[in-house]
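Trainee: Can you read through this structure? Questions will come right after.
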Amino acid sequence: MSKVIAIWGAPNSGKTTFATKLARSIYDEYQATVVVVYADNEVPTLPIIFPNYKKEDLCSVGVALAKTDIDRHEVVKQMVTIKDKQNFAFLGFTDGENKYTYPTFDATKVRSLYSVLSSLADYVIIDCTSSLKNPLSKVAVREADEVIRLSAPNLKSVSYLASQLPLYIDPMFRLEEHIQGICVTDADLYMPIDEAKAQLHDVRFTIPYSRAVKQQMLDGNLYEVVNDKKFNDKFKAIVEKVVA
């Protein structure tokens, strides 16, 4: 049975990096079929994750969402894959697209998309936008099997969540069930991690900063295994909690 995992949280809290690394870890550890959905249609993520791909090799989930009905074959056609990595795929918006490129889509169509993806993959990882006005993000946070909420250990992230969480107090968002994590996105050793934990409450994990992961993002191969034992050990423990 497929499992849908939504990654949500403050802006610049490492959501995209976390979602991509989580997907790769699940793919390797459990020999699972994994699909990653990058929800952002204002700053398309695929060109950032795959900067070395030709433009014509980056398809768009917007094409599938623009159809009258979500078609399984069309969804598969829009997936971006990695050479020699079977059963590992990515969906998102691509270079030059924005929220006005395709017709508006609603929650019903998003549910249909996620249903199709769940029939194709063991795990569907959704990299949500910080604003839940985005239907791909809103449906994911409301209905995913697991929601991981991220913050960076800085005042901006903590302030964002303090301001925005009350907007989602409706029980449909299940805020009390979210897994709160901290992602150290900066190399600054003096970031106030303990202070952030005290403000955020019930922090379940902290992901250490990794220079190697940062370099992967710059090199355009974030989806590959990283040579950083401390980071990998932390991630393996998180994956075990999420997958269980």
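By order of appearance in the structure tokens: chains A, B, ..., then residues from 1 within every chain, and ligands from 1 in the order shown.
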Write out as a list in words the residues lying within 8 Å of segment 132-145 of chain A, counting only C-alpha atoms and excluding same-chain residues fewer than 2 positions away.
Mentor: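 Within the cut-off, the hits are Lys3, Val4, Ile5, Ala6, Ile7, Trp8, Ala39, Asp40, Phe105, Asp106, Ala107, Val110, Arg111, Ile126, Asp127, Cys128, Thr129, Ser130, Val147, Met172, Phe173 and Arg174 of chain A.
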Trainee: So that I can see what lies close to segment 194-202 of chain A, please list as a PDB file with C-alpha atoms, in the first residue's frame the residues with an atom at most 9 Å from it, counting only C-alpha atoms and leaving out residues fewer than 5 positions away in the same chain.
Mentor:
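So part28.pdb came out as:
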ATOM      1  CA  SER A 151      12.083  25.064  10.351  1.00  0.00           C
ATOM      2  CA  ALA A 152      15.573  26.466  10.153  1.00  0.00           C
ATOM      3  CA  PRO A 153      17.083  27.421  13.549  1.00  0.00           C
ATOM      4  CA  ASN A 154      16.726  31.143  13.037  1.00  0.00           C
ATOM      5  CA  LEU A 155      14.331  33.880  14.105  1.00  0.00           C
ATOM      6  CA  SER A 157      11.676  30.625  10.476  1.00  0.00           C
ATOM      7  CA  VAL A 158      10.379  30.611  14.042  1.00  0.00           C
ATOM      8  CA  LEU A 161       5.578  29.473  11.926  1.00  0.00           C
ATOM      9  CA  ALA A 162       4.356  31.466  14.934  1.00  0.00           C
ATOM     10  CA  ILE A 179       6.405  15.760  12.787  1.00  0.00           C
ATOM     11  CA  GLN A 180       8.383  18.897  13.619  1.00  0.00           C
ATOM     12  CA  GLY A 181      11.999  18.953  12.538  1.00  0.00           C
ATOM     13  CA  ILE A 182      14.856  21.455  12.368  1.00  0.00           C
TER      14      ILE A 182
END
Trainee: Compare A:Phe205, A:Ala32, A:Asp71, A:Glu224 by their minimum atom-to-atom distance to Lys83 of chain A, counting only C-alpha atoms, and give me the closest one.
Mentor: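 Residue with the minimum atom-to-atom distance to Lys83 of chain A: A:Glu224.
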Trainee: Could you please write out, as a count of residues only, every residue of segment 77-117 of chain A that DSSP assigns to strand (DSSP E or B)?
Mentor: 10
Trainee: Any idea what's packed within 9 Å of Val75 of chain A, counting only C-alpha atoms, ignoring anything in its chain fewer than 6 positions away? Could you give it as a PyMOL selection string?
Mentor: chain A and resi 61+63-65+91+113+116-117
Trainee: If I take atom CA of Ala89 of chain A and atom CA of Val36 of chain A, how far is one from the other in Å, to one decimal?
Mentor: 6.4 Å
Trainee: For Pro51 of chain A, which of A:Asn232, A:Thr17, A:Asn221, A:Ser115 is the closest residue, counting only C-alpha atoms?
Mentor: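 Checking each of A:Asn232, A:Thr17, A:Asn221, A:Ser115 against Pro51 of chain A, counting only C-alpha atoms, the winner is A:Asn221.
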Trainee: Of the candidates A:Asp219, A:Asp95, A:Asp233, A:Asp57, which shows the shortest atom-to-atom distance to Lys77 of chain A, using only C-alpha atoms?
Mentor: A:Asp57
Trainee: Hey, which of A:Arg149, A:Lys214, A:Arg204, A:Arg72 ends up closest to Ser13 of chain A? Count only C-alpha atoms.
Mentor: A:Arg149
